[in-house]
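Novice: Below is the file data.pdb, which contains PDB, C-alpha atoms and all ligand atoms.
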MODEL        1
ATOM      1  CA  MET L 202     -24.874  62.069 -50.524  1.00  0.00           C
ATOM      2  CA  VAL L 203     -22.698  59.784 -48.431  1.00  0.00           C
ATOM      3  CA  VAL L 204     -20.585  62.751 -47.386  1.00  0.00           C
ATOM      4  CA  LEU L 205     -23.655  64.759 -46.436  1.00  0.00           C
ATOM      5  CA  LEU L 206     -25.073  61.915 -44.354  1.00  0.00           C
ATOM      6  CA  THR L 207     -21.781  61.445 -42.539  1.00  0.00           C
ATOM      7  CA  GLY L 208     -21.718  65.131 -41.713  1.00  0.00           C
ATOM      8  CA  LEU L 209     -25.223  64.969 -40.259  1.00  0.00           C
ATOM      9  CA  LEU L 210     -24.380  61.941 -38.149  1.00  0.00           C
ATOM     10  CA  PHE L 211     -21.241  63.498 -36.761  1.00  0.00           C
ATOM     11  CA  GLY L 212     -23.168  66.658 -36.001  1.00  0.00           C
ATOM     12  CA  ALA L 213     -25.790  64.744 -34.042  1.00  0.00           C
ATOM     13  CA  VAL L 214     -23.181  62.824 -32.067  1.00  0.00           C
ATOM     14  CA  ALA L 215     -21.281  65.986 -31.212  1.00  0.00           C
ATOM     15  CA  TRP L 216     -24.440  67.625 -29.791  1.00  0.00           C
ATOM     16  CA  ALA L 217     -25.378  64.552 -27.780  1.00  0.00           C
ATOM     17  CA  GLN L 218     -21.903  64.369 -26.246  1.00  0.00           C
ATOM     18  CA  ASP L 219     -21.955  67.940 -25.026  1.00  0.00           C
ATOM     19  CA  LEU L 220     -24.762  67.434 -22.504  1.00  0.00           C
ATOM     20  CA  ARG L 221     -25.673  64.241 -20.682  1.00  0.00           C
ATOM     21  CA  VAL L 222     -28.784  64.138 -18.535  1.00  0.00           C
ATOM     22  CA  ARG L 223     -28.853  61.579 -15.718  1.00  0.00           C
ATOM     23  CA  ASP L 224     -31.273  60.592 -12.936  1.00  0.00           C
ATOM     24  CA  ALA L 225     -34.017  62.799 -14.365  1.00  0.00           C
ATOM     25  CA  TRP L 226     -37.282  62.833 -12.443  1.00  0.00           C
ATOM     26  CA  ILE L 227     -40.407  64.891 -11.948  1.00  0.00           C
ATOM     27  CA  ARG L 228     -42.165  65.145  -8.626  1.00  0.00           C
ATOM     28  CA  GLU L 229     -45.764  63.966  -8.660  1.00  0.00           C
ATOM     29  CA  ALA L 230     -48.120  66.790  -7.680  1.00  0.00           C
ATOM     30  CA  PRO L 231     -51.182  66.606  -5.435  1.00  0.00           C
ATOM     31  CA  PRO L 232     -54.511  66.129  -7.258  1.00  0.00           C
ATOM     32  CA  GLY L 233     -55.554  69.327  -9.014  1.00  0.00           C
ATOM     33  CA  VAL L 234     -52.043  70.766  -9.102  1.00  0.00           C
ATOM     34  CA  ARG L 235     -50.678  70.849 -12.629  1.00  0.00           C
ATOM     35  CA  THR L 236     -47.326  72.532 -12.036  1.00  0.00           C
ATOM     36  CA  HIS L 237     -44.451  70.143 -11.371  1.00  0.00           C
ATOM     37  CA  ALA L 238     -40.788  70.442 -10.395  1.00  0.00           C
ATOM     38  CA  GLY L 239     -38.180  68.502 -12.358  1.00  0.00           C
ATOM     39  CA  TYR L 240     -34.713  67.425 -11.246  1.00  0.00           C
ATOM     40  CA  ALA L 241     -31.686  65.880 -12.920  1.00  0.00           C
ATOM     41  CA  THR L 242     -27.926  65.763 -12.981  1.00  0.00           C
ATOM     42  CA  LEU L 243     -26.489  67.554 -16.025  1.00  0.00           C
ATOM     43  CA  GLU L 244     -23.003  66.676 -17.249  1.00  0.00           C
ATOM     44  CA  ALA L 245     -21.075  68.573 -19.909  1.00  0.00           C
ATOM     45  CA  GLY L 246     -18.839  66.593 -22.255  1.00  0.00           C
ATOM     46  CA  GLY L 247     -15.678  67.908 -23.846  1.00  0.00           C
ATOM     47  CA  ALA L 248     -17.115  71.390 -24.415  1.00  0.00           C
ATOM     48  CA  ALA L 249     -18.896  73.876 -22.186  1.00  0.00           C
ATOM     49  CA  VAL L 250     -22.686  73.772 -22.323  1.00  0.00           C
ATOM     50  CA  ARG L 251     -25.101  76.662 -21.994  1.00  0.00           C
ATOM     51  CA  VAL L 252     -28.734  75.656 -21.493  1.00  0.00           C
ATOM     52  CA  VAL L 253     -31.026  78.546 -22.411  1.00  0.00           C
ATOM     53  CA  GLY L 254     -34.418  76.866 -22.232  1.00  0.00           C
ATOM     54  CA  VAL L 255     -36.446  73.756 -21.563  1.00  0.00           C
ATOM     55  CA  ARG L 256     -39.682  72.491 -23.047  1.00  0.00           C
ATOM     56  CA  GLY L 257     -41.754  69.368 -23.391  1.00  0.00           C
ATOM     57  CA  PRO L 258     -44.971  68.279 -25.080  1.00  0.00           C
ATOM     58  CA  ASP L 259     -46.640  67.443 -21.740  1.00  0.00           C
ATOM     59  CA  PHE L 260     -46.425  71.037 -20.460  1.00  0.00           C
ATOM     60  CA  SER L 261     -47.602  74.423 -21.710  1.00  0.00           C
ATOM     61  CA  SER L 262     -44.263  75.974 -20.746  1.00  0.00           C
ATOM     62  CA  ALA L 263     -41.192  75.355 -18.620  1.00  0.00           C
ATOM     63  CA  GLU L 264     -38.530  77.452 -16.883  1.00  0.00           C
ATOM     64  CA  ILE L 265     -35.230  77.002 -15.068  1.00  0.00           C
ATOM     65  CA  HIS L 266     -35.685  78.109 -11.450  1.00  0.00           C
ATOM     66  CA  GLU L 267     -33.540  78.605  -8.405  1.00  0.00           C
ATOM     67  CA  MET L 268     -34.547  78.746  -4.772  1.00  0.00           C
ATOM     68  CA  THR L 269     -33.354  81.716  -2.737  1.00  0.00           C
ATOM     69  CA  THR L 270     -34.014  82.789   0.826  1.00  0.00           C
ATOM     70  CA  GLN L 271     -34.952  86.446   1.343  1.00  0.00           C
ATOM     71  CA  ASP L 272     -35.718  87.640   4.873  1.00  0.00           C
ATOM     72  CA  GLY L 273     -36.192  84.041   5.933  1.00  0.00           C
ATOM     73  CA  VAL L 274     -38.696  83.327   3.180  1.00  0.00           C
ATOM     74  CA  MET L 275     -37.978  80.790   0.443  1.00  0.00           C
ATOM     75  CA  ARG L 276     -38.612  82.184  -3.021  1.00  0.00           C
ATOM     76  CA  MET L 277     -38.166  80.921  -6.560  1.00  0.00           C
ATOM     77  CA  ARG L 278     -36.889  82.944  -9.448  1.00  0.00           C
ATOM     78  CA  ALA L 279     -36.394  82.115 -13.110  1.00  0.00           C
ATOM     79  CA  LEU L 280     -32.835  81.797 -14.392  1.00  0.00           C
ATOM     80  CA  PRO L 281     -32.144  82.794 -17.998  1.00  0.00           C
ATOM     81  CA  ARG L 282     -29.532  80.056 -18.442  1.00  0.00           C
ATOM     82  CA  ILE L 283     -27.407  77.346 -16.893  1.00  0.00           C
ATOM     83  CA  GLU L 284     -23.699  77.328 -17.765  1.00  0.00           C
ATOM     84  CA  ILE L 285     -21.720  74.131 -17.275  1.00  0.00           C
ATOM     85  CA  ALA L 286     -17.950  74.059 -17.819  1.00  0.00           C
ATOM     86  CA  ALA L 287     -16.469  71.284 -19.962  1.00  0.00           C
ATOM     87  CA  GLY L 288     -16.420  68.054 -17.996  1.00  0.00           C
ATOM     88  CA  ALA L 289     -18.373  69.567 -15.096  1.00  0.00           C
ATOM     89  CA  ARG L 290     -21.552  68.388 -13.416  1.00  0.00           C
ATOM     90  CA  HIS L 291     -24.537  70.545 -12.474  1.00  0.00           C
ATOM     91  CA  ASN L 292     -27.259  69.354 -10.112  1.00  0.00           C
ATOM     92  CA  LEU L 293     -30.899  70.267 -10.337  1.00  0.00           C
ATOM     93  CA  ALA L 294     -32.087  69.062  -6.931  1.00  0.00           C
ATOM     94  CA  PRO L 295     -34.797  69.689  -4.319  1.00  0.00           C
ATOM     95  CA  GLY L 296     -34.074  72.930  -2.431  1.00  0.00           C
ATOM     96  CA  GLY L 297     -31.895  74.284  -5.230  1.00  0.00           C
ATOM     97  CA  GLU L 298     -32.104  74.795  -8.948  1.00  0.00           C
ATOM     98  CA  HIS L 299     -34.890  72.894 -10.659  1.00  0.00           C
ATOM     99  CA  LEU L 300     -37.102  72.860 -13.709  1.00  0.00           C
ATOM    100  CA  MET L 301     -40.549  74.379 -13.263  1.00  0.00           C
ATOM    101  CA  LEU L 302     -42.983  72.608 -15.550  1.00  0.00           C
ATOM    102  CA  PHE L 303     -46.284  74.444 -16.006  1.00  0.00           C
ATOM    103  CA  ASN L 304     -49.798  73.225 -16.814  1.00  0.00           C
ATOM    104  CA  ALA L 305     -49.338  69.500 -17.351  1.00  0.00           C
ATOM    105  CA  ARG L 306     -51.601  68.406 -20.176  1.00  0.00           C
ATOM    106  CA  ARG L 307     -52.296  65.056 -18.479  1.00  0.00           C
ATOM    107  CA  ARG L 308     -52.388  63.757 -14.913  1.00  0.00           C
ATOM    108  CA  LEU L 309     -48.861  62.599 -14.119  1.00  0.00           C
ATOM    109  CA  ARG L 310     -48.580  59.638 -11.745  1.00  0.00           C
ATOM    110  CA  GLU L 311     -45.623  57.798 -10.290  1.00  0.00           C
ATOM    111  CA  GLY L 312     -43.919  55.771 -13.007  1.00  0.00           C
ATOM    112  CA  ASP L 313     -45.136  57.926 -15.907  1.00  0.00           C
ATOM    113  CA  GLN L 314     -42.509  59.272 -18.279  1.00  0.00           C
ATOM    114  CA  CYS L 315     -42.202  62.724 -19.851  1.00  0.00           C
ATOM    115  CA  GLY L 316     -39.887  63.818 -22.624  1.00  0.00           C
ATOM    116  CA  ILE L 317     -38.083  67.085 -21.886  1.00  0.00           C
ATOM    117  CA  GLU L 318     -35.882  68.967 -24.335  1.00  0.00           C
ATOM    118  CA  PHE L 319     -32.989  71.121 -23.207  1.00  0.00           C
ATOM    119  CA  VAL L 320     -32.343  73.989 -25.634  1.00  0.00           C
ATOM    120  CA  LEU L 321     -28.693  75.000 -25.923  1.00  0.00           C
ATOM    121  CA  ASP L 322     -27.468  78.438 -26.948  1.00  0.00           C
ATOM    122  CA  ASP L 323     -26.308  77.192 -30.347  1.00  0.00           C
ATOM    123  CA  GLY L 324     -29.923  76.288 -31.110  1.00  0.00           C
ATOM    124  CA  SER L 325     -29.444  72.536 -30.734  1.00  0.00           C
ATOM    125  CA  THR L 326     -31.549  70.470 -28.356  1.00  0.00           C
ATOM    126  CA  VAL L 327     -30.880  67.485 -26.118  1.00  0.00           C
ATOM    127  CA  SER L 328     -33.784  65.207 -25.225  1.00  0.00           C
ATOM    128  CA  ALA L 329     -34.172  63.355 -21.946  1.00  0.00           C
ATOM    129  CA  VAL L 330     -36.805  61.137 -20.377  1.00  0.00           C
ATOM    130  CA  PHE L 331     -37.991  62.217 -16.922  1.00  0.00           C
ATOM    131  CA  VAL L 332     -39.714  59.656 -14.682  1.00  0.00           C
ATOM    132  CA  VAL L 333     -42.497  60.780 -12.368  1.00  0.00           C
ATOM    133  CA  ARG L 334     -41.794  59.936  -8.687  1.00  0.00           C
ATOM    134  CA  ARG L 335     -43.453  60.725  -5.364  1.00  0.00           C
ATOM    135  CA  ALA L 336     -40.141  61.212  -3.579  1.00  0.00           C
ATOM    136  CA  ALA L 337     -36.488  61.770  -4.433  1.00  0.00           C
ATOM    137  CA  PRO L 338     -34.812  58.542  -5.603  1.00  0.00           C
TER
HETATM  138 CU    CU I   1     -39.789  76.712  -9.305  1.00  0.00          CU
ENDMDL
END
Rewrite the structure from the file as structure tokens, please.
Ligand SMILES: [Cu+2]
Specialist:
Amino acid sequence: MVVLLTGLLFGAVAWAQDLRVRDAWIREAPPGVRTHAGYATLEAGGAAVRVVGVRGPDFSSAEIHEMTTQDGVMRMRALPRIEIAAGARHNLAPGGEHLMLFNARRRLREGDQCGIEFVLDDGSTVSAVFVVRRAAP
């Protein structure tokens, strides 16, 4: 039993070390708009990280998006994954890659917090708290 518990603890620590989520925030939306953009800095630990999905209880669904410019028009498209090399940093920032968070189940105001889970390709998840803000910190 002790051995089993130790194994579980080490497993949990190893997952948590692979992906660190910093400066996570969600932009407050105008009244009536329930789709939000989320931003954060992602840092991989000693091993490469592949994020294959995001989700959170406050939203019906969520996607990883990138902004592209086609014929002078800004467009968003869904990315199937984010790959971060060991020790590298990956920014989700306004004008670039971001999380698209659909159909908020409650009105999100500045200062509110939302839990978001990053799903990695080994099936593990990393949880982070996103703070709702009106403008980039
Ligand atoms: Cu988007």
Novice: Using atom CA of L:Val274 and atom CA of L:Thr236 as the two end points, give the distance in Å to one decimal.
Specialist: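 According to the coordinates, atom CA of L:Val274 and atom CA of L:Thr236 are separated by 20.6 Å.
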Novice: Enumerate, as a PyMOL selection string, the residues matched when the PyMOL selection byres (((chain L and resi 268) around 10) and not hetatm) is run on the file above.
Specialist: chain L and resi 266-267+269-271+275-279+295-299
Novice: Determine the residue set returned by the PyMOL selection byres (((chain L and resi 229) around 12) and not hetatm) for the present structure, and present it as a PyMOL selection string.
Specialist: chain L and resi 226-228+230-240+302+305+307-315+331-337
Novice: For each of L:Ile265, L:Ala225, L:Phe260, L:Val255, take the minimum atom-to-atom distance to ligand CU 1 (chain I), counting only C-alpha atoms and all ligand atoms, then give the residue where this is smallest.
Specialist: L:Ile265
Novice: Can you work out the spacing between atom CA of L:Ile285 and atom CA of L:Glu264 in Å, to one decimal?
Specialist: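 Spanning atom CA of L:Ile285 to atom CA of L:Glu264 is a straight-line distance of 17.1 Å.
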Novice: Convert the output of the PyMOL selection byres (((chain L and resi 318-329) around 8) and not hetatm) on the shown file into explicit residues, formatted as a list of chain:residue names.
Specialist: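 This file, filtered by the PyMOL selection byres (((chain L and resi 318-329) around 8) and not hetatm), leaves L:Trp216, L:Ala217, L:Leu220, L:Val222, L:Ala225, L:Val250, L:Arg251, L:Val252, L:Val253, L:Gly254, L:Val255, L:Arg256, L:Gly257, L:Gly316, L:Ile317, L:Val330, L:Phe331.
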Novice: Can you spit out the residues from that selection as a PDB file, keeping the file's coordinate frame, using C-alpha atoms?
Specialist:
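Dumped to out.pdb:
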ATOM      1  CA  TRP L 216     -24.440  67.625 -29.791  1.00  0.00           C
ATOM      2  CA  ALA L 217     -25.378  64.552 -27.780  1.00  0.00           C
ATOM      3  CA  LEU L 220     -24.762  67.434 -22.504  1.00  0.00           C
ATOM      4  CA  VAL L 222     -28.784  64.138 -18.535  1.00  0.00           C
ATOM      5  CA  ALA L 225     -34.017  62.799 -14.365  1.00  0.00           C
ATOM      6  CA  VAL L 250     -22.686  73.772 -22.323  1.00  0.00           C
ATOM      7  CA  ARG L 251     -25.101  76.662 -21.994  1.00  0.00           C
ATOM      8  CA  VAL L 252     -28.734  75.656 -21.493  1.00  0.00           C
ATOM      9  CA  VAL L 253     -31.026  78.546 -22.411  1.00  0.00           C
ATOM     10  CA  GLY L 254     -34.418  76.866 -22.232  1.00  0.00           C
ATOM     11  CA  VAL L 255     -36.446  73.756 -21.563  1.00  0.00           C
ATOM     12  CA  ARG L 256     -39.682  72.491 -23.047  1.00  0.00           C
ATOM     13  CA  GLY L 257     -41.754  69.368 -23.391  1.00  0.00           C
ATOM     14  CA  GLY L 316     -39.887  63.818 -22.624  1.00  0.00           C
ATOM     15  CA  ILE L 317     -38.083  67.085 -21.886  1.00  0.00           C
ATOM     16  CA  VAL L 330     -36.805  61.137 -20.377  1.00  0.00           C
ATOM     17  CA  PHE L 331     -37.991  62.217 -16.922  1.00  0.00           C
TER      18      PHE L 331
END
Novice: For atom CA of L:Phe303 and atom CA of L:Pro281, quote the distance in Å rounded to one decimal.
Specialist: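 Atom-to-atom, atom CA of L:Phe303 and atom CA of L:Pro281 are spaced 16.5 Å apart.
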Novice: Counting all atoms listed in the file, find the residues whose atoms lie at most 7 Å from (-30.7, 68.1, -12.0) (file coordinates) and write them out as an mmCIF file with C-alpha atoms, in the coordinates of the input.
Specialist:
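The resulting file, part_13.cif, is reproduced below:
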data_model
loop_
_atom_site.group_PDB
_atom_site.id
_atom_site.type_symbol
_atom_site.label_atom_id
_atom_site.label_comp_id
_atom_site.auth_asym_id
_atom_site.auth_seq_id
_atom_site.Cartn_x
_atom_site.Cartn_y
_atom_site.Cartn_z
ATOM 1 C CA ALA L 225 -34.017 62.799 -14.365
ATOM 2 C CA TYR L 240 -34.713 67.425 -11.246
ATOM 3 C CA ALA L 241 -31.686 65.880 -12.920
ATOM 4 C CA THR L 242 -27.926 65.763 -12.981
ATOM 5 C CA LEU L 243 -26.489 67.554 -16.025
ATOM 6 C CA HIS L 291 -24.537 70.545 -12.474
ATOM 7 C CA ASN L 292 -27.259 69.354 -10.112
ATOM 8 C CA LEU L 293 -30.899 70.267 -10.337
ATOM 9 C CA ALA L 294 -32.087 69.062 -6.931
ATOM 10 C CA HIS L 299 -34.890 72.894 -10.659
#
Novice: Which of these, L:Gly273, L:Ala245, L:Asp259, L:Met301, has the shortest distance to ligand CU 1 (chain I) once you count only C-alpha atoms and all ligand atoms?
Specialist: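 Among the listed residues, the smallest separation from ligand CU 1 (chain I) belongs to L:Met301.
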Novice: Which one is closest to ligand CU 1 (chain I): L:Ala263, L:Ala289, L:Glu284, L:Arg306? Count all atoms listed in the file.
Specialist: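 So, comparing all the options, the nearest one is L:Ala263.
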Novice: Which is closer to ligand CU 1 (chain I) than all the others in L:Pro338, L:Asp219, L:Leu300, L:Gly288, using all atoms listed in the file?
Specialist: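 That would be L:Leu300, the residue with the smallest distance to ligand CU 1 (chain I).
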